[in-house]
Amino acid sequence: MATNYETHEYDVLVIGAGGAGLRAAIEASAAGVKVGLVCKSLLGKAHTVMAEGGMAAAMGNVDDRDNWKVHFADTMRGGQYVNNWRMAELHAKEAPARVHELEAWGAVFDRTKDGKILQRNFGGHKYPRLAHVGDRTGLEMIRTLQDHGIHQGITVHMEYTIISLLQDGGRVVGAFGYDRERGRFRIFKAKAVVLSTGGLGRAFKITTNSWEGTGDGVSLAYHAGAELLDMEYIQFHPTGMVWPPSVQGLLITEAVRGEGGVLRNKDGKRFMYDDIPDNYKSQTSTDPEEGWRYTQGDKNAKRPPELLTRDHVARCIRREVKAGRGSPHGGVFLDICWIKEKIPNSAEHIKKKLPSMYHQFMQLANLDITKEPMEIGPTTHYAMGGIRVNGDTQATNVPGLFAAGECAAGLHGANRLGGNSLSDLIVFGKRAGEYAAKYAQENSAGQINDAQVEAAAREALEPFDRGATTAANIEGPYQVQYDLQSMMQELVGIVRLENEMSRALDGIGKLKERAAKIAVYGHREYNPGWHTAIDLKHLLTISEAITRSALDRKESRGGHFREDFPDKDPAAAKYNNVLSKAADGSMKLRHEPIPALPEHLKQVIEEMK
């Protein structure tokens with residue numbers, strides 16, 4: 001019986017311990033409810049620590065013309081106006097308070113000469129807006145939230161994987177998972193559950209995401225009946241490491257370009273000048289001198305073209321490589337060492353401003369970025385789509401289930417601006433924790449269904465049963481995972497075509513059949529093959545969701561670029577793609593009209609134009 005499994009009971013269970021999860025747990029605990037926090041790896045290892053450039057908040061510390069209205073307008077424009085406008089409004093208004101809150105809890109930000117939090121330029125932002133700690137901002141966020149959170153009475157379960165959400169009459173009443181080290185099953189009973197499981201980049205072969213980014217939260221929510229939103233919008237960061245192969249895809253922060261780094265092809269040409277979109281021409285400089293002044297915070301200078309939105313920069317890099325103008329290993333060059341022409345002692349300046357980047361290249365590629373350009377290329381980075389949530393409360397359409405951070409959708413629309421992710425975590429992590437606690441206070445605990453638990457346990461253990469037989473056609477999970485990642489990278493990547501995505505959809509069907517026959521050997525303790533087998537269900541679910549949504553959207557918008565439909569379709573700007581699980585288990589897609597902008601926000605966008 002399920003009652004034999006060790007059971008933990010909470011008012012609010014938070015799944016995922018990155019920025020959003022920690023902030024949600026802190027807020028729920030502050031409301032006086034009992035909080036449990038489950039994380040897939042060790043506390044402090046969340047992928048948030050890899051966020052380098054900063055968190056966007058319109059504090060106006062470097063340029064006093066900045067305010068929430070400009071930030072809101074930038075976010076909506078970057079998202080191509082398919083954003084959840086309520087989330088964009090709340091984010092722009094509340095981000096400064098959340099950043100100051102981190103400062104009050106001990107975050108050590110870089111400072112202006114007069115002692116304010118220093119802010120830097122980033123792609124898509126009109127003014128210097130990113131509060132930062134060198135190029136280690138995510139690490140400082142996690143350190144601060146953990147140091148504050150451990151005093152709030154939160155119980156942490158490290159190295160646990162959740163394999164299904166438990167329901168009672170449609171309402172989520174807990175979660176079922178296992179301890180990754182020993183393989184023992186656990187039941188987590190809760191009145192409310194917050195999903196904050198991060199990204200899904202591991203569905204692709206080349207990604208900045210850590211091993212945990214397998215889309216668990218999005219898949220768990222979908223299988224529990226939650227709706228998914230705009231899964232076609234995947235952000236390919238323009239600058240990931242290209243060489244050596246062992247570090248392919250590893251993130252190179254946009255802060256390198258924010259501090260004056262420029263992109264060059266193999267001939268040394270700054271190719272970004274060749275393609276500046278009409279809607280950015282008034283803000284973008286074609287004069288290198290003016291671009292340099294912009295990166296140094298000059299209020300009157302225009303931005304350099306290297307700081308255009310990420311989807312545009314990634315496609316420009318791809319164009320150079322396809323045209324044979326790329327670097328020796330299939331990328332282009334990112335050059336920060338040229339600033340020696342501008343400032344004395346430039347090597348020390350670069351080491352101070354970009355310490356992680358300097359050490360990353362020295363240690364992993366034996367390259368000194370103060371003397372040589374970096375070889376870079378696009379890498380799968382961020383999912384704008386995810387679980388559909390209410391903009392104010394972060395509640396899903398499933399009672400008792402909330403979501404925040406990268407696994408939740410809406411704020412970023414078709415494309416996320418750099419730095420909006422970190423402030424997203426703290427703004428909506430707080431709101432998810434607040435409203436999950438309120439829900440827990442207003443509802444009694446539900447019943448755990450033993451049959452549901454046993455079915456989840458049986459499904460999880462099936463690969464071991466196959467490993468103990470001599471059945472034909474069985475294979476290990478790693479090859480299936482590799483084939484899926486390679487296929488998604490090739491057929492549903494930066495540039496998409498109908499026939500390629502149709503092939504991918506057929507391929508996902510075949511990979512599902514193979515996944516149903518995978519075998520795992522050995523026992524449950526310390527078994528990475530088993531972990532991979534369990535991740536596969538999530539990876540296949542989200543890959544199908546991405547592909548179906550991308551096939552349906554016959555236009556190009558933000559992180560979704562169709563070579564067969566390269567232009568925007570004005571009619572497609574009026575709806576979001578919503579996916580849900582049909583009664584027969586199939587994936588169903590519908591178009592949901594985007595609510596009209598209220599007059600006061602329309603006015604804001606007009607003013608900012």
# chains A, B, ... in the order shown; residues from 1 in each chain; ligands from 1
>>> select_by_dssp(residues="range 498-578 of chain A", states="strand (DSSP E)", output="ChimeraX atom specification")
/A:575-578
>>> residues_around(residues="Gly53 in chain A", least_positions_apart="6", cutoff="9 Å", atoms="only C-alpha atoms", output="MDAnalysis selection string")
chainID A and resid 120 122 130:138 253:256 258 418:419
>>> closest_residue(among="A:Ile426, A:Met76, A:Ile317, A:Val82", to="Ile494 in chain A", atoms="only C-alpha atoms")
A:Ile317
>>> closest_residue(among="A:Ala457, A:Leu228, A:Ala571, A:Ile474", to="Tyr521 in chain A", atoms="only C-alpha atoms")
A:Ile474
>>> residues_around(residues="Glu498 in chain A", least_positions_apart="6", cutoff="9 Å", atoms="only C-alpha atoms", output="MDAnalysis selection string")
chainID A and resid 550:551 554 562:564
>>> write_last_selection(atoms="N, CA, C and O atoms", output="short mmCIF file (atom, residue, chain, number, x, y, z; two decimals), in the first residue's frame")
data_model
loop_
_atom_site.label_atom_id
_atom_site.label_comp_id
_atom_site.auth_asym_id
_atom_site.auth_seq_id
_atom_site.Cartn_x
_atom_site.Cartn_y
_atom_site.Cartn_z
N ALA A 550 4.95 25.02 -32.87
CA ALA A 550 5.75 25.65 -33.92
C ALA A 550 5.18 25.36 -35.30
O ALA A 550 5.19 26.22 -36.19
N LEU A 551 4.65 24.15 -35.50
CA LEU A 551 4.02 23.80 -36.78
C LEU A 551 2.77 24.64 -37.02
O LEU A 551 2.49 25.07 -38.14
N LYS A 554 2.18 29.76 -38.34
CA LYS A 554 2.71 29.96 -39.70
C LYS A 554 3.10 31.41 -39.90
O LYS A 554 2.52 32.13 -40.73
N ARG A 562 10.26 30.98 -38.90
CA ARG A 562 9.90 30.06 -39.97
C ARG A 562 10.51 30.55 -41.27
O ARG A 562 10.15 31.63 -41.76
N GLU A 563 11.41 29.76 -41.85
CA GLU A 563 12.00 30.16 -43.13
C GLU A 563 10.95 30.16 -44.24
O GLU A 563 11.04 30.92 -45.20
N ASP A 564 9.91 29.30 -44.09
CA ASP A 564 8.84 29.25 -45.09
C ASP A 564 7.78 30.33 -44.86
O ASP A 564 6.95 30.59 -45.73
#
>>> closest_residue(among="A:Ser29, A:Arg171, A:Tyr5, A:Arg557", to="Ser444 in chain A", atoms="only C-alpha atoms")
A:Arg171
>>> closest_residue(among="A:Asp311, A:Glu159, A:Glu212, A:Glu232", to="Gly183 in chain A", atoms="only C-alpha atoms")
A:Glu159
>>> atom_distance(atom1="CA of Ala107 in chain A", atom2="CA of Tyr435 in chain A")
25.5 Å
>>> residues_around(residues="range 153-157 of chain A", least_positions_apart="6", cutoff="7 Å", atoms="only C-alpha atoms", output="number ranges by chain")
A: 29, 35-39
>>> residues_around(residues="range 525-541 of chain A", least_positions_apart="3", cutoff="10 Å", atoms="only C-alpha atoms", output="compact mmCIF listing (two decimals) with N, CA, C and O atoms, in the first residue's frame")
# COMPACT_ATOMS: atom_id res chain seq x y z
N THR A 161 13.69 13.60 -7.01
CA THR A 161 13.01 13.83 -8.28
C THR A 161 11.53 13.54 -8.10
O THR A 161 11.17 12.48 -7.58
N ILE A 162 10.69 14.48 -8.52
CA ILE A 162 9.24 14.28 -8.49
C ILE A 162 8.83 13.63 -9.81
O ILE A 162 9.19 14.12 -10.88
N ILE A 163 8.08 12.53 -9.72
CA ILE A 163 7.69 11.83 -10.96
C ILE A 163 6.21 12.01 -11.30
O ILE A 163 5.83 11.78 -12.44
N ASP A 179 14.10 9.55 -3.86
CA ASP A 179 15.40 10.03 -3.43
C ASP A 179 16.43 9.53 -4.46
O ASP A 179 16.56 8.32 -4.67
N ARG A 180 17.13 10.44 -5.12
CA ARG A 180 18.01 10.08 -6.24
C ARG A 180 19.19 9.22 -5.79
O ARG A 180 19.74 8.45 -6.58
N GLU A 181 19.59 9.37 -4.55
CA GLU A 181 20.76 8.63 -4.07
C GLU A 181 20.44 7.16 -3.81
O GLU A 181 21.13 6.28 -4.28
N ARG A 182 19.36 6.90 -3.08
CA ARG A 182 19.03 5.52 -2.68
C ARG A 182 17.88 4.92 -3.48
O ARG A 182 17.63 3.72 -3.39
N GLY A 183 17.13 5.76 -4.22
CA GLY A 183 16.04 5.24 -5.03
C GLY A 183 14.77 4.92 -4.27
O GLY A 183 13.91 4.18 -4.75
N ARG A 184 14.63 5.46 -3.06
CA ARG A 184 13.44 5.18 -2.23
C ARG A 184 12.31 6.16 -2.58
O ARG A 184 12.53 7.36 -2.68
N LEU A 200 13.91 23.86 -20.08
CA LEU A 200 13.76 22.61 -20.81
C LEU A 200 14.78 22.48 -21.94
O LEU A 200 14.57 21.74 -22.89
N GLY A 201 15.91 23.18 -21.79
CA GLY A 201 16.92 23.19 -22.85
C GLY A 201 17.50 21.83 -23.18
O GLY A 201 18.04 21.63 -24.28
N ARG A 202 17.39 20.87 -22.26
CA ARG A 202 17.96 19.54 -22.50
C ARG A 202 17.16 18.74 -23.53
O ARG A 202 17.53 17.60 -23.84
N ALA A 203 16.10 19.32 -24.06
CA ALA A 203 15.42 18.69 -25.19
C ALA A 203 16.24 18.89 -26.47
O ALA A 203 15.95 18.25 -27.49
N PHE A 204 17.24 19.77 -26.42
CA PHE A 204 18.09 20.06 -27.58
C PHE A 204 19.52 19.63 -27.31
O PHE A 204 19.95 19.53 -26.16
N GLU A 212 19.76 19.42 -15.19
CA GLU A 212 18.41 19.37 -14.60
C GLU A 212 17.33 19.90 -15.53
O GLU A 212 16.14 19.66 -15.30
N GLY A 213 17.71 20.64 -16.59
CA GLY A 213 16.72 21.35 -17.40
C GLY A 213 15.98 20.47 -18.38
O GLY A 213 16.02 20.66 -19.60
N THR A 214 15.25 19.48 -17.86
CA THR A 214 14.56 18.50 -18.69
C THR A 214 13.05 18.76 -18.76
O THR A 214 12.29 17.85 -19.12
N GLY A 215 12.63 19.96 -18.37
CA GLY A 215 11.22 20.32 -18.52
C GLY A 215 10.27 19.60 -17.59
O GLY A 215 9.08 19.47 -17.86
N ASP A 216 10.79 19.13 -16.44
CA ASP A 216 9.97 18.33 -15.51
C ASP A 216 8.67 19.03 -15.11
O ASP A 216 7.58 18.43 -15.18
N GLY A 217 8.77 20.28 -14.69
CA GLY A 217 7.59 20.99 -14.17
C GLY A 217 6.53 21.18 -15.22
O GLY A 217 5.32 20.99 -14.96
N VAL A 218 6.94 21.54 -16.44
CA VAL A 218 5.99 21.75 -17.54
C VAL A 218 5.27 20.43 -17.84
O VAL A 218 4.05 20.39 -18.00
N SER A 219 6.02 19.35 -17.89
CA SER A 219 5.45 18.03 -18.18
C SER A 219 4.55 17.55 -17.04
O SER A 219 3.44 17.04 -17.27
N LEU A 220 5.00 17.71 -15.80
CA LEU A 220 4.18 17.30 -14.64
C LEU A 220 2.84 18.03 -14.65
O LEU A 220 1.79 17.44 -14.42
N TYR A 222 1.32 19.48 -17.23
CA TYR A 222 0.51 19.05 -18.39
C TYR A 222 -0.20 17.73 -18.10
O TYR A 222 -1.41 17.59 -18.35
N HIS A 223 0.53 16.76 -17.55
CA HIS A 223 -0.08 15.45 -17.28
C HIS A 223 -1.10 15.51 -16.14
O HIS A 223 -1.93 14.63 -16.01
N GLU A 459 5.05 2.36 -12.97
CA GLU A 459 5.56 2.94 -14.22
C GLU A 459 7.04 3.30 -14.09
O GLU A 459 7.83 3.06 -15.00
N ALA A 460 7.43 3.83 -12.93
CA ALA A 460 8.82 4.23 -12.72
C ALA A 460 9.76 3.03 -12.70
O ALA A 460 10.92 3.14 -13.11
N LEU A 461 9.26 1.89 -12.24
CA LEU A 461 10.12 0.71 -12.10
C LEU A 461 10.13 -0.21 -13.32
O LEU A 461 10.93 -1.15 -13.39
N GLU A 462 9.26 0.06 -14.29
CA GLU A 462 9.17 -0.80 -15.48
C GLU A 462 10.52 -1.02 -16.20
O GLU A 462 10.81 -2.13 -16.64
N PRO A 463 11.38 0.01 -16.35
CA PRO A 463 12.66 -0.22 -17.04
C PRO A 463 13.52 -1.29 -16.37
O PRO A 463 14.26 -2.02 -17.04
N PHE A 464 13.41 -1.43 -15.03
CA PHE A 464 14.16 -2.48 -14.34
C PHE A 464 13.61 -3.86 -14.72
O PHE A 464 14.37 -4.82 -14.88
N GLY A 476 19.12 0.95 -24.11
CA GLY A 476 19.34 1.84 -22.98
C GLY A 476 18.72 3.21 -23.21
O GLY A 476 18.45 3.61 -24.35
N PRO A 477 18.50 3.99 -22.13
CA PRO A 477 17.84 5.29 -22.25
C PRO A 477 18.70 6.36 -22.90
O PRO A 477 18.19 7.31 -23.49
N TYR A 478 20.03 6.24 -22.78
CA TYR A 478 20.91 7.31 -23.25
C TYR A 478 20.82 7.52 -24.76
O TYR A 478 20.82 8.65 -25.24
N VAL A 480 18.29 6.85 -26.75
CA VAL A 480 16.98 7.45 -27.10
C VAL A 480 17.04 8.95 -26.81
O VAL A 480 16.60 9.77 -27.62
N GLN A 481 17.58 9.31 -25.66
CA GLN A 481 17.70 10.72 -25.29
C GLN A 481 18.57 11.47 -26.31
O GLN A 481 18.21 12.57 -26.76
N LEU A 484 16.76 12.01 -29.61
CA LEU A 484 15.75 13.07 -29.47
C LEU A 484 16.40 14.44 -29.51
O LEU A 484 15.96 15.34 -30.24
N GLN A 485 17.46 14.63 -28.75
CA GLN A 485 18.14 15.92 -28.68
C GLN A 485 18.70 16.33 -30.05
O GLN A 485 18.58 17.48 -30.46
N ILE A 508 9.21 11.90 -33.06
CA ILE A 508 8.86 11.86 -31.63
C ILE A 508 7.96 10.66 -31.36
O ILE A 508 8.11 9.96 -30.35
N GLY A 509 7.02 10.39 -32.28
CA GLY A 509 6.15 9.21 -32.13
C GLY A 509 6.97 7.93 -32.09
O GLY A 509 6.73 7.05 -31.24
N LEU A 511 10.18 7.69 -31.28
CA LEU A 511 11.00 7.70 -30.06
C LEU A 511 10.17 7.33 -28.83
O LEU A 511 10.69 6.70 -27.90
N LYS A 512 8.88 7.67 -28.83
CA LYS A 512 8.00 7.25 -27.73
C LYS A 512 7.89 5.73 -27.69
O LYS A 512 7.88 5.12 -26.61
N ALA A 515 11.08 4.52 -26.29
CA ALA A 515 11.16 4.81 -24.84
C ALA A 515 10.35 3.81 -24.03
O ALA A 515 10.68 3.52 -22.88
N ALA A 516 9.27 3.30 -24.62
CA ALA A 516 8.42 2.33 -23.91
C ALA A 516 9.10 0.98 -23.77
O ALA A 516 8.62 0.11 -23.04
N ILE A 518 12.69 0.80 -23.24
CA ILE A 518 14.05 0.94 -22.69
C ILE A 518 14.22 0.11 -21.42
O ILE A 518 13.27 -0.10 -20.66
N ALA A 519 15.44 -0.34 -21.23
CA ALA A 519 15.76 -1.17 -20.08
C ALA A 519 16.84 -0.50 -19.24
O ALA A 519 17.72 0.19 -19.76
N VAL A 520 16.74 -0.72 -17.94
CA VAL A 520 17.74 -0.21 -17.00
C VAL A 520 18.28 -1.40 -16.21
O VAL A 520 17.52 -2.30 -15.82
N TYR A 521 19.58 -1.41 -15.98
CA TYR A 521 20.22 -2.55 -15.32
C TYR A 521 20.74 -2.14 -13.95
O TYR A 521 20.96 -0.96 -13.67
N GLY A 522 20.98 -3.14 -13.11
CA GLY A 522 21.47 -2.86 -11.76
C GLY A 522 20.31 -2.66 -10.80
O GLY A 522 19.21 -3.18 -11.00
N GLU A 544 7.21 17.30 -28.03
CA GLU A 544 5.97 17.26 -28.83
C GLU A 544 5.23 18.59 -28.73
O GLU A 544 4.73 19.12 -29.73
N ALA A 545 5.18 19.17 -27.53
CA ALA A 545 4.47 20.44 -27.34
C ALA A 545 5.14 21.55 -28.15
O ALA A 545 4.45 22.35 -28.82
N ILE A 546 6.47 21.62 -28.11
CA ILE A 546 7.21 22.64 -28.87
C ILE A 546 6.93 22.48 -30.36
O ILE A 546 6.63 23.44 -31.08
N MET A 587 -2.48 15.23 -27.43
CA MET A 587 -2.19 16.65 -27.17
C MET A 587 -3.08 17.50 -28.07
O MET A 587 -3.07 17.34 -29.29
>>> closest_residue(among="A:Gly413, A:Pro566, A:His359, A:Ala451", to="Tyr81 in chain A", atoms="only C-alpha atoms")
A:Gly413
>>> closest_atom_pairs(of="range 7-114 of chain A", to="range 143-149 of chain A", cutoff="8 Å", atoms="only C-alpha atoms", output="CSV")
residue,atom,partner,partner_atom,distance
A:Gly19,CA,A:Leu145,CA,7.4
A:Leu22,CA,A:Leu145,CA,6.3
A:Arg23,CA,A:Leu145,CA,6.8
A:Ala25,CA,A:Gly149,CA,7.7
A:Ile26,CA,A:Gly149,CA,5.7
A:Gly44,CA,A:Arg143,CA,7.3
A:Leu102,CA,A:Thr144,CA,6.9
A:Trp105,CA,A:His148,CA,6.5
A:Gly106,CA,A:Thr144,CA,6.1
A:Ala107,CA,A:Thr144,CA,5.6
>>> residues_around(residues="Phe428 in chain A", least_positions_apart="6", cutoff="9 Å", atoms="only C-alpha atoms", output="JSON, numbers by chain")
{"A": [20, 23, 24, 87, 90, 91, 391, 392, 393, 394, 403, 404, 405]}
>>> residues_around(residues="range 296-310 of chain A", least_positions_apart="2", cutoff="9 Å", atoms="only C-alpha atoms", output="PyMOL selection string")
chain A and resi 62-63+78+120-128+235-238+254+257-263+272-273+275-277+280+282-288+290-294+312-315+415-418+558-559
>>> write_last_selection(atoms="C-alpha atoms", output="compact mmCIF listing (two decimals), in the first residue's frame")
# COMPACT_ATOMS: atom_id res chain seq x y z
CA VAL A 62 22.48 55.26 -13.99
CA ASP A 63 19.97 57.03 -16.23
CA GLY A 78 10.73 42.56 -27.11
CA ARG A 120 24.40 48.04 -16.97
CA ASN A 121 23.14 48.03 -20.55
CA PHE A 122 21.64 44.89 -22.05
CA GLY A 123 20.03 43.89 -25.33
CA GLY A 124 16.53 45.27 -25.92
CA HIS A 125 16.57 47.62 -22.91
CA LYS A 126 16.38 51.33 -23.71
CA TYR A 127 18.44 52.41 -20.67
CA PRO A 128 21.07 50.79 -18.40
CA GLN A 235 15.24 31.51 -27.15
CA PHE A 236 18.56 30.62 -28.74
CA HIS A 237 21.20 32.72 -26.97
CA PRO A 238 23.59 34.16 -29.57
CA GLU A 254 25.45 39.17 -22.78
CA ARG A 257 28.57 42.80 -25.28
CA GLY A 258 27.13 45.16 -22.65
CA GLU A 259 30.71 46.07 -21.68
CA GLY A 260 31.74 46.74 -25.31
CA GLY A 261 32.31 43.31 -26.87
CA VAL A 262 31.75 43.22 -30.65
CA LEU A 263 30.91 40.40 -33.08
CA MET A 272 25.84 43.19 -37.24
CA TYR A 273 25.81 46.56 -39.03
CA ASP A 275 21.02 43.97 -40.70
CA ILE A 276 19.35 46.41 -38.29
CA PRO A 277 15.52 45.98 -38.10
CA TYR A 280 15.33 49.56 -33.93
CA SER A 282 16.26 55.05 -34.41
CA GLN A 283 17.92 53.53 -31.31
CA THR A 284 20.85 51.74 -32.93
CA SER A 285 24.19 53.23 -33.92
CA THR A 286 26.14 52.47 -37.08
CA ASP A 287 29.07 54.47 -35.67
CA PRO A 288 31.43 52.27 -33.61
CA GLU A 290 28.90 56.04 -30.53
CA GLY A 291 28.27 52.37 -29.70
CA TRP A 292 31.29 52.40 -27.40
CA ARG A 293 30.01 55.52 -25.64
CA TYR A 294 26.64 53.77 -25.15
CA HIS A 312 17.94 38.65 -34.18
CA VAL A 313 21.62 38.39 -33.17
CA ALA A 314 21.45 34.56 -33.21
CA ARG A 315 20.04 34.54 -36.76
CA ASN A 415 11.11 36.73 -26.82
CA ARG A 416 12.69 37.48 -23.43
CA LEU A 417 14.91 40.48 -22.89
CA GLY A 418 18.20 39.73 -21.12
CA GLY A 558 10.52 36.48 -31.68
CA GLY A 559 12.09 33.14 -30.77
>>> closest_residue(among="A:Asp114, A:Glu52, A:Glu320, A:Glu89", to="Pro598 in chain A", atoms="only C-alpha atoms")
A:Glu89
>>> atom_distance(atom1="CA of Pro245 in chain A", atom2="CA of Glu140 in chain A")
28.9 Å
>>> atom_distance(atom1="CA of Phe561 in chain A", atom2="CA of Leu195 in chain A")
28.9 Å
>>> decode(residues="range 496-504 of chain A", atoms="all heavy atoms", output="mmCIF file, in the first residue's frame")
data_model
loop_
_atom_site.group_PDB
_atom_site.id
_atom_site.type_symbol
_atom_site.label_atom_id
_atom_site.label_comp_id
_atom_site.auth_asym_id
_atom_site.auth_seq_id
_atom_site.Cartn_x
_atom_site.Cartn_y
_atom_site.Cartn_z
ATOM 1 N N ARG A 496 13.107 27.216 -38.764
ATOM 2 C CA ARG A 496 12.174 26.094 -38.856
ATOM 3 C C ARG A 496 11.459 26.049 -40.211
ATOM 4 O O ARG A 496 11.181 27.093 -40.802
ATOM 5 C CB ARG A 496 11.134 26.202 -37.728
ATOM 6 C CG ARG A 496 11.777 26.086 -36.353
ATOM 7 C CD ARG A 496 10.882 26.563 -35.228
ATOM 8 N NE ARG A 496 11.492 26.294 -33.910
ATOM 9 C CZ ARG A 496 10.991 26.709 -32.760
ATOM 10 N NH1 ARG A 496 9.875 27.425 -32.737
ATOM 11 N NH2 ARG A 496 11.605 26.421 -31.631
ATOM 12 N N LEU A 497 11.150 24.828 -40.647
ATOM 13 C CA LEU A 497 10.425 24.593 -41.896
ATOM 14 C C LEU A 497 9.346 23.546 -41.649
ATOM 15 O O LEU A 497 9.552 22.607 -40.858
ATOM 16 C CB LEU A 497 11.375 24.075 -42.979
ATOM 17 C CG LEU A 497 12.335 25.089 -43.610
ATOM 18 C CD1 LEU A 497 13.448 24.363 -44.346
ATOM 19 C CD2 LEU A 497 11.585 26.007 -44.557
ATOM 20 N N GLU A 498 8.221 23.673 -42.350
ATOM 21 C CA GLU A 498 7.089 22.769 -42.134
ATOM 22 C C GLU A 498 7.468 21.306 -42.325
ATOM 23 O O GLU A 498 7.171 20.467 -41.476
ATOM 24 C CB GLU A 498 5.936 23.136 -43.079
ATOM 25 C CG GLU A 498 4.738 22.219 -42.915
ATOM 26 C CD GLU A 498 3.414 22.969 -42.937
ATOM 27 O OE1 GLU A 498 3.393 24.175 -43.215
ATOM 28 O OE2 GLU A 498 2.406 22.317 -42.653
ATOM 29 N N ASN A 499 8.149 20.998 -43.435
ATOM 30 C CA ASN A 499 8.455 19.583 -43.701
ATOM 31 C C ASN A 499 9.411 19.010 -42.660
ATOM 32 O O ASN A 499 9.302 17.848 -42.271
ATOM 33 C CB ASN A 499 9.006 19.405 -45.127
ATOM 34 C CG ASN A 499 10.335 20.102 -45.337
ATOM 35 O OD1 ASN A 499 10.640 21.082 -44.658
ATOM 36 N ND2 ASN A 499 11.142 19.608 -46.271
ATOM 37 N N GLU A 500 10.351 19.833 -42.163
ATOM 38 C CA GLU A 500 11.290 19.346 -41.142
ATOM 39 C C GLU A 500 10.572 19.105 -39.813
ATOM 40 O O GLU A 500 10.816 18.097 -39.141
ATOM 41 C CB GLU A 500 12.429 20.349 -40.959
ATOM 42 C CG GLU A 500 13.353 20.421 -42.162
ATOM 43 C CD GLU A 500 14.542 21.352 -41.957
ATOM 44 O OE1 GLU A 500 14.543 22.143 -40.986
ATOM 45 O OE2 GLU A 500 15.475 21.292 -42.785
ATOM 46 N N MET A 501 9.670 20.011 -39.454
ATOM 47 C CA MET A 501 8.956 19.827 -38.183
ATOM 48 C C MET A 501 7.969 18.667 -38.245
ATOM 49 O O MET A 501 7.750 17.975 -37.242
ATOM 50 C CB MET A 501 8.264 21.129 -37.779
ATOM 51 C CG MET A 501 9.252 22.209 -37.374
ATOM 52 S SD MET A 501 8.455 23.668 -36.681
ATOM 53 C CE MET A 501 7.691 24.371 -38.130
ATOM 54 N N SER A 502 7.387 18.434 -39.417
ATOM 55 C CA SER A 502 6.515 17.255 -39.584
ATOM 56 C C SER A 502 7.324 15.973 -39.404
ATOM 57 O O SER A 502 6.855 15.015 -38.768
ATOM 58 C CB SER A 502 5.859 17.267 -40.968
ATOM 59 O OG SER A 502 5.007 18.382 -41.086
ATOM 60 N N ARG A 503 8.542 15.976 -39.944
ATOM 61 C CA ARG A 503 9.436 14.830 -39.730
ATOM 62 C C ARG A 503 9.740 14.655 -38.249
ATOM 63 O O ARG A 503 9.785 13.534 -37.734
ATOM 64 C CB ARG A 503 10.748 15.035 -40.494
ATOM 65 C CG ARG A 503 10.692 14.587 -41.950
ATOM 66 C CD ARG A 503 11.919 15.034 -42.722
ATOM 67 N NE ARG A 503 13.177 14.680 -42.085
ATOM 68 C CZ ARG A 503 14.314 15.351 -42.264
ATOM 69 N NH1 ARG A 503 14.350 16.415 -43.056
ATOM 70 N NH2 ARG A 503 15.417 14.950 -41.656
ATOM 71 N N ALA A 504 9.959 15.778 -37.553
ATOM 72 C CA ALA A 504 10.253 15.713 -36.115
ATOM 73 C C ALA A 504 9.074 15.121 -35.347
ATOM 74 O O ALA A 504 9.262 14.304 -34.436
ATOM 75 C CB ALA A 504 10.582 17.107 -35.587
#
